Amino acid sequence: DALHSMVVVDRVDCDHPVRTFHTIGDTSPLHATAVGRVILARLPKQDVEELITQGLERFSDTTPADPDELRAELDRIRADGYAVNRNQYRPGVCALAAPVLDENGTPLAAVAISMPDSRYDVKRESEWGGLVAGATEEISGRLLGG
């Protein structure tokens, strides 16, 4: 169901010998990933509630599978402009993402950076979040002719 998952359409790999890998065409659940949650945070409340009603699968002990926990996380994402995933979907994989929006604030896509947990530095979280948010703001601006 398109409402409940994201699809990888492109990626750029780093040159680190140990890195995360996402196959083009891979899907992932919206509530369990940074990319999915930045999209959810910008969807109408009724769409979020529909997803919650369908059930939120737990992929790790930190997956936001409780409805109130997910709602609170979506509020934080709207405030910060980016989402963080630390081992919430795939073990050992961390990511930060921000949404690409159209003129109405509807999410069209997302940009993310991902890395192995061994390279995740919580002290750089706001820096990395700012980078993805800045990239998506630039893309959104170009789409709008800015």
# chains A, B, ... in the order shown; residues from 1 in each chain; ligands from 1
>>> residues_around(residues="A:Arg78", least_positions_apart="4", cutoff="8 Å", atoms="only C-alpha atoms", output="mmCIF file with N, CA and C atoms, in the first residue's frame")
data_model
loop_
_atom_site.group_PDB
_atom_site.id
_atom_site.type_symbol
_atom_site.label_atom_id
_atom_site.label_comp_id
_atom_site.auth_asym_id
_atom_site.auth_seq_id
_atom_site.Cartn_x
_atom_site.Cartn_y
_atom_site.Cartn_z
ATOM 1 N N VAL A 38 9.439 11.797 8.060
ATOM 2 C CA VAL A 38 9.351 13.192 7.584
ATOM 3 C C VAL A 38 8.181 13.349 6.626
ATOM 4 N N ALA A 41 4.985 13.321 8.847
ATOM 5 C CA ALA A 41 4.852 14.571 9.593
ATOM 6 C C ALA A 41 4.181 15.661 8.770
ATOM 7 N N ARG A 42 4.210 15.538 7.445
ATOM 8 C CA ARG A 42 3.625 16.546 6.566
ATOM 9 C C ARG A 42 2.321 16.106 5.916
ATOM 10 N N LEU A 74 6.308 12.859 15.463
ATOM 11 C CA LEU A 74 5.930 13.667 14.295
ATOM 12 C C LEU A 74 5.864 15.153 14.657
ATOM 13 N N TYR A 82 13.525 17.919 10.483
ATOM 14 C CA TYR A 82 14.163 16.678 10.048
ATOM 15 C C TYR A 82 13.840 15.556 11.027
#
>>> residues_around(residues="stretch 54-60 of chain A", least_positions_apart="5", cutoff="7 Å", atoms="only C-alpha atoms", output="list of chain:residue names")
A:Ala65, A:Gln88, A:Tyr89
>>> write_last_selection(atoms="N, CA and C atoms", output="PDB file, in the first residue's frame")
ATOM      1  N   ALA A  65       6.317   2.386  17.735  1.00  0.00           N
ATOM      2  CA  ALA A  65       5.146   1.577  17.395  1.00  0.00           C
ATOM      3  C   ALA A  65       3.935   1.908  18.253  1.00  0.00           C
ATOM      4  N   GLN A  88      16.049   1.997  14.405  1.00  0.00           N
ATOM      5  CA  GLN A  88      14.620   1.781  14.618  1.00  0.00           C
ATOM      6  C   GLN A  88      13.993   0.874  13.572  1.00  0.00           C
ATOM      7  N   TYR A  89      14.699   0.653  12.473  1.00  0.00           N
ATOM      8  CA  TYR A  89      14.185  -0.233  11.423  1.00  0.00           C
ATOM      9  C   TYR A  89      15.176  -1.373  11.182  1.00  0.00           C
TER      10      TYR A  89
END
>>> select_by_dssp(residues="chain A", states="helix (DSSP H, G or I)", output="MDAnalysis selection string")
chainID A and resid 2:4 30:32 34:42 45:54 67:80 117:119 122:143
>>> write_last_selection(atoms="C-alpha atoms", output="mmCIF file, in the first residue's frame")
data_model
loop_
_atom_site.group_PDB
_atom_site.id
_atom_site.type_symbol
_atom_site.label_atom_id
_atom_site.label_comp_id
_atom_site.auth_asym_id
_atom_site.auth_seq_id
_atom_site.Cartn_x
_atom_site.Cartn_y
_atom_site.Cartn_z
ATOM 1 C CA ALA A 2 1.507 3.323 -1.112
ATOM 2 C CA LEU A 3 0.297 5.110 2.022
ATOM 3 C CA HIS A 4 2.280 2.805 4.274
ATOM 4 C CA LEU A 30 6.753 4.977 6.994
ATOM 5 C CA HIS A 31 6.625 4.897 10.798
ATOM 6 C CA ALA A 32 9.945 3.063 11.302
ATOM 7 C CA ALA A 34 13.546 8.759 9.120
ATOM 8 C CA VAL A 35 12.439 9.171 5.495
ATOM 9 C CA GLY A 36 9.003 7.777 6.247
ATOM 10 C CA ARG A 37 8.458 9.901 9.327
ATOM 11 C CA VAL A 38 9.351 13.192 7.584
ATOM 12 C CA ILE A 39 6.687 12.328 5.016
ATOM 13 C CA LEU A 40 4.176 11.332 7.710
ATOM 14 C CA ALA A 41 4.852 14.571 9.593
ATOM 15 C CA ARG A 42 3.625 16.546 6.566
ATOM 16 C CA LYS A 45 -3.741 14.063 10.270
ATOM 17 C CA GLN A 46 -6.388 11.672 8.906
ATOM 18 C CA ASP A 47 -3.733 9.854 6.837
ATOM 19 C CA VAL A 48 -1.532 9.446 9.912
ATOM 20 C CA GLU A 49 -4.480 8.161 11.930
ATOM 21 C CA GLU A 50 -5.351 5.695 9.158
ATOM 22 C CA LEU A 51 -1.799 4.327 9.245
ATOM 23 C CA ILE A 52 -1.977 4.032 13.047
ATOM 24 C CA THR A 53 -5.293 2.180 12.774
ATOM 25 C CA GLN A 54 -3.678 -0.351 10.430
ATOM 26 C CA PRO A 67 0.520 5.641 18.570
ATOM 27 C CA ASP A 68 1.195 8.397 21.124
ATOM 28 C CA GLU A 69 4.952 7.928 20.767
ATOM 29 C CA LEU A 70 4.658 8.258 16.983
ATOM 30 C CA ARG A 71 2.431 11.340 17.245
ATOM 31 C CA ALA A 72 4.956 12.993 19.608
ATOM 32 C CA GLU A 73 7.812 12.130 17.247
ATOM 33 C CA LEU A 74 5.930 13.667 14.295
ATOM 34 C CA ASP A 75 5.427 16.863 16.342
ATOM 35 C CA ARG A 76 9.186 16.987 17.019
ATOM 36 C CA ILE A 77 9.947 16.469 13.320
ATOM 37 C CA ARG A 78 7.628 19.320 12.334
ATOM 38 C CA ALA A 79 9.407 21.558 14.856
ATOM 39 C CA ASP A 80 12.966 20.524 13.893
ATOM 40 C CA ASP A 117 25.622 3.062 13.936
ATOM 41 C CA SER A 118 29.369 2.842 14.590
ATOM 42 C CA ARG A 119 29.836 6.203 12.816
ATOM 43 C CA VAL A 122 24.816 12.246 18.540
ATOM 44 C CA LYS A 123 26.774 15.511 18.987
ATOM 45 C CA ARG A 124 26.553 16.055 15.214
ATOM 46 C CA GLU A 125 22.826 15.298 14.985
ATOM 47 C CA SER A 126 21.689 18.930 14.636
ATOM 48 C CA GLU A 127 24.493 19.632 12.137
ATOM 49 C CA TRP A 128 23.540 16.645 9.965
ATOM 50 C CA GLY A 129 19.831 17.413 10.341
ATOM 51 C CA GLY A 130 20.535 20.970 9.203
ATOM 52 C CA LEU A 131 22.376 19.658 6.140
ATOM 53 C CA VAL A 132 19.498 17.457 4.962
ATOM 54 C CA ALA A 133 16.938 20.168 5.751
ATOM 55 C CA GLY A 134 19.011 22.722 3.827
ATOM 56 C CA ALA A 135 19.295 20.388 0.835
ATOM 57 C CA THR A 136 15.553 19.763 0.708
ATOM 58 C CA GLU A 137 14.756 23.465 1.100
ATOM 59 C CA GLU A 138 16.984 24.168 -1.904
ATOM 60 C CA ILE A 139 15.331 21.421 -3.952
ATOM 61 C CA SER A 140 11.843 22.606 -2.976
ATOM 62 C CA GLY A 141 12.832 26.174 -3.922
ATOM 63 C CA ARG A 142 14.072 25.068 -7.341
ATOM 64 C CA LEU A 143 10.880 23.104 -7.958
#
>>> residues_around(residues="A:Cys94", least_positions_apart="2", cutoff="10 Å", atoms="only C-alpha atoms", output="PDB file with N, CA, C and O atoms, in the first residue's frame")
ATOM      1  N   THR A  20      26.140   1.906   4.651  1.00  0.00           N
ATOM      2  CA  THR A  20      24.797   1.351   4.509  1.00  0.00           C
ATOM      3  C   THR A  20      24.507   1.178   3.031  1.00  0.00           C
ATOM      4  O   THR A  20      25.112   1.823   2.188  1.00  0.00           O
ATOM      5  N   THR A  33      11.115   4.596   9.801  1.00  0.00           N
ATOM      6  CA  THR A  33      12.305   5.173   9.184  1.00  0.00           C
ATOM      7  C   THR A  33      12.283   6.697   9.242  1.00  0.00           C
ATOM      8  O   THR A  33      11.215   7.309   9.343  1.00  0.00           O
ATOM      9  N   ALA A  34      13.466   7.299   9.135  1.00  0.00           N
ATOM     10  CA  ALA A  34      13.546   8.759   9.120  1.00  0.00           C
ATOM     11  C   ALA A  34      12.842   9.320   7.892  1.00  0.00           C
ATOM     12  O   ALA A  34      12.083  10.288   7.981  1.00  0.00           O
ATOM     13  N   VAL A  84      15.146  11.656  12.701  1.00  0.00           N
ATOM     14  CA  VAL A  84      16.307  10.834  13.040  1.00  0.00           C
ATOM     15  C   VAL A  84      15.845   9.394  13.237  1.00  0.00           C
ATOM     16  O   VAL A  84      14.808   9.147  13.851  1.00  0.00           O
ATOM     17  N   ASN A  85      16.604   8.472  12.716  1.00  0.00           N
ATOM     18  CA  ASN A  85      16.361   7.037  12.915  1.00  0.00           C
ATOM     19  C   ASN A  85      17.655   6.420  13.433  1.00  0.00           C
ATOM     20  O   ASN A  85      18.646   6.392  12.724  1.00  0.00           O
ATOM     21  N   ARG A  86      17.617   5.966  14.661  1.00  0.00           N
ATOM     22  CA  ARG A  86      18.774   5.269  15.236  1.00  0.00           C
ATOM     23  C   ARG A  86      18.363   3.831  15.530  1.00  0.00           C
ATOM     24  O   ARG A  86      17.743   3.555  16.543  1.00  0.00           O
ATOM     25  N   ASN A  87      18.674   2.951  14.588  1.00  0.00           N
ATOM     26  CA  ASN A  87      18.418   1.509  14.755  1.00  0.00           C
ATOM     27  C   ASN A  87      16.937   1.189  14.952  1.00  0.00           C
ATOM     28  O   ASN A  87      16.599   0.194  15.584  1.00  0.00           O
ATOM     29  N   GLN A  88      16.049   1.997  14.405  1.00  0.00           N
ATOM     30  CA  GLN A  88      14.620   1.781  14.618  1.00  0.00           C
ATOM     31  C   GLN A  88      13.993   0.874  13.572  1.00  0.00           C
ATOM     32  O   GLN A  88      12.891   0.390  13.755  1.00  0.00           O
ATOM     33  N   TYR A  89      14.699   0.653  12.473  1.00  0.00           N
ATOM     34  CA  TYR A  89      14.185  -0.233  11.423  1.00  0.00           C
ATOM     35  C   TYR A  89      15.176  -1.373  11.182  1.00  0.00           C
ATOM     36  O   TYR A  89      14.878  -2.518  11.449  1.00  0.00           O
ATOM     37  N   ARG A  90      16.350  -1.035  10.715  1.00  0.00           N
ATOM     38  CA  ARG A  90      17.388  -2.045  10.507  1.00  0.00           C
ATOM     39  C   ARG A  90      18.430  -1.916  11.602  1.00  0.00           C
ATOM     40  O   ARG A  90      18.910  -0.818  11.882  1.00  0.00           O
ATOM     41  N   PRO A  91      18.825  -3.022  12.224  1.00  0.00           N
ATOM     42  CA  PRO A  91      19.834  -2.944  13.278  1.00  0.00           C
ATOM     43  C   PRO A  91      21.156  -2.411  12.733  1.00  0.00           C
ATOM     44  O   PRO A  91      21.581  -2.793  11.635  1.00  0.00           O
ATOM     45  N   GLY A  92      21.759  -1.504  13.480  1.00  0.00           N
ATOM     46  CA  GLY A  92      23.063  -0.980  13.101  1.00  0.00           C
ATOM     47  C   GLY A  92      23.031   0.110  12.045  1.00  0.00           C
ATOM     48  O   GLY A  92      24.069   0.554  11.585  1.00  0.00           O
ATOM     49  N   LEU A  96      19.218  10.336   8.954  1.00  0.00           N
ATOM     50  CA  LEU A  96      18.531  11.601   9.172  1.00  0.00           C
ATOM     51  C   LEU A  96      17.902  11.979   7.843  1.00  0.00           C
ATOM     52  O   LEU A  96      18.508  11.752   6.785  1.00  0.00           O
ATOM     53  N   ILE A 113      20.496  11.041   4.773  1.00  0.00           N
ATOM     54  CA  ILE A 113      21.851  10.510   4.883  1.00  0.00           C
ATOM     55  C   ILE A 113      21.767   9.337   5.854  1.00  0.00           C
ATOM     56  O   ILE A 113      21.037   9.391   6.845  1.00  0.00           O
ATOM     57  N   SER A 114      22.447   8.264   5.514  1.00  0.00           N
ATOM     58  CA  SER A 114      22.436   7.107   6.411  1.00  0.00           C
ATOM     59  C   SER A 114      23.863   6.637   6.631  1.00  0.00           C
ATOM     60  O   SER A 114      24.756   6.908   5.813  1.00  0.00           O
ATOM     61  N   MET A 115      24.053   5.960   7.736  1.00  0.00           N
ATOM     62  CA  MET A 115      25.393   5.510   8.116  1.00  0.00           C
ATOM     63  C   MET A 115      25.275   4.356   9.095  1.00  0.00           C
ATOM     64  O   MET A 115      24.242   4.200   9.754  1.00  0.00           O
ATOM     65  N   PRO A 116      26.344   3.567   9.198  1.00  0.00           N
ATOM     66  CA  PRO A 116      26.349   2.541  10.245  1.00  0.00           C
ATOM     67  C   PRO A 116      26.312   3.204  11.621  1.00  0.00           C
ATOM     68  O   PRO A 116      26.849   4.303  11.804  1.00  0.00           O
ATOM     69  N   ASP A 117      25.701   2.542  12.565  1.00  0.00           N
ATOM     70  CA  ASP A 117      25.622   3.062  13.936  1.00  0.00           C
ATOM     71  C   ASP A 117      27.002   3.372  14.507  1.00  0.00           C
ATOM     72  O   ASP A 117      27.153   4.310  15.282  1.00  0.00           O
ATOM     73  N   SER A 118      28.005   2.630  14.079  1.00  0.00           N
ATOM     74  CA  SER A 118      29.369   2.842  14.590  1.00  0.00           C
ATOM     75  C   SER A 118      29.908   4.228  14.236  1.00  0.00           C
ATOM     76  O   SER A 118      30.822   4.715  14.895  1.00  0.00           O
ATOM     77  N   ARG A 119      29.372   4.866  13.209  1.00  0.00           N
ATOM     78  CA  ARG A 119      29.836   6.203  12.816  1.00  0.00           C
ATOM     79  C   ARG A 119      28.877   7.309  13.253  1.00  0.00           C
ATOM     80  O   ARG A 119      29.133   8.484  13.020  1.00  0.00           O
ATOM     81  N   TYR A 120      27.739   6.941  13.872  1.00  0.00           N
ATOM     82  CA  TYR A 120      26.769   7.952  14.286  1.00  0.00           C
ATOM     83  C   TYR A 120      27.289   8.690  15.508  1.00  0.00           C
ATOM     84  O   TYR A 120      27.692   8.074  16.496  1.00  0.00           O
TER      85      TYR A 120
END
>>> select_by_dssp(residues="chain A", states="strand (DSSP E)", output="VMD selection string")
chain A and resid 5 to 7 27 to 29 83 to 86 93 to 101 107 to 116
>>> closest_residue(among="A:Val93, A:Pro29, A:Thr62, A:Leu144", to="A:Gly105", atoms="only C-alpha atoms")
A:Leu144
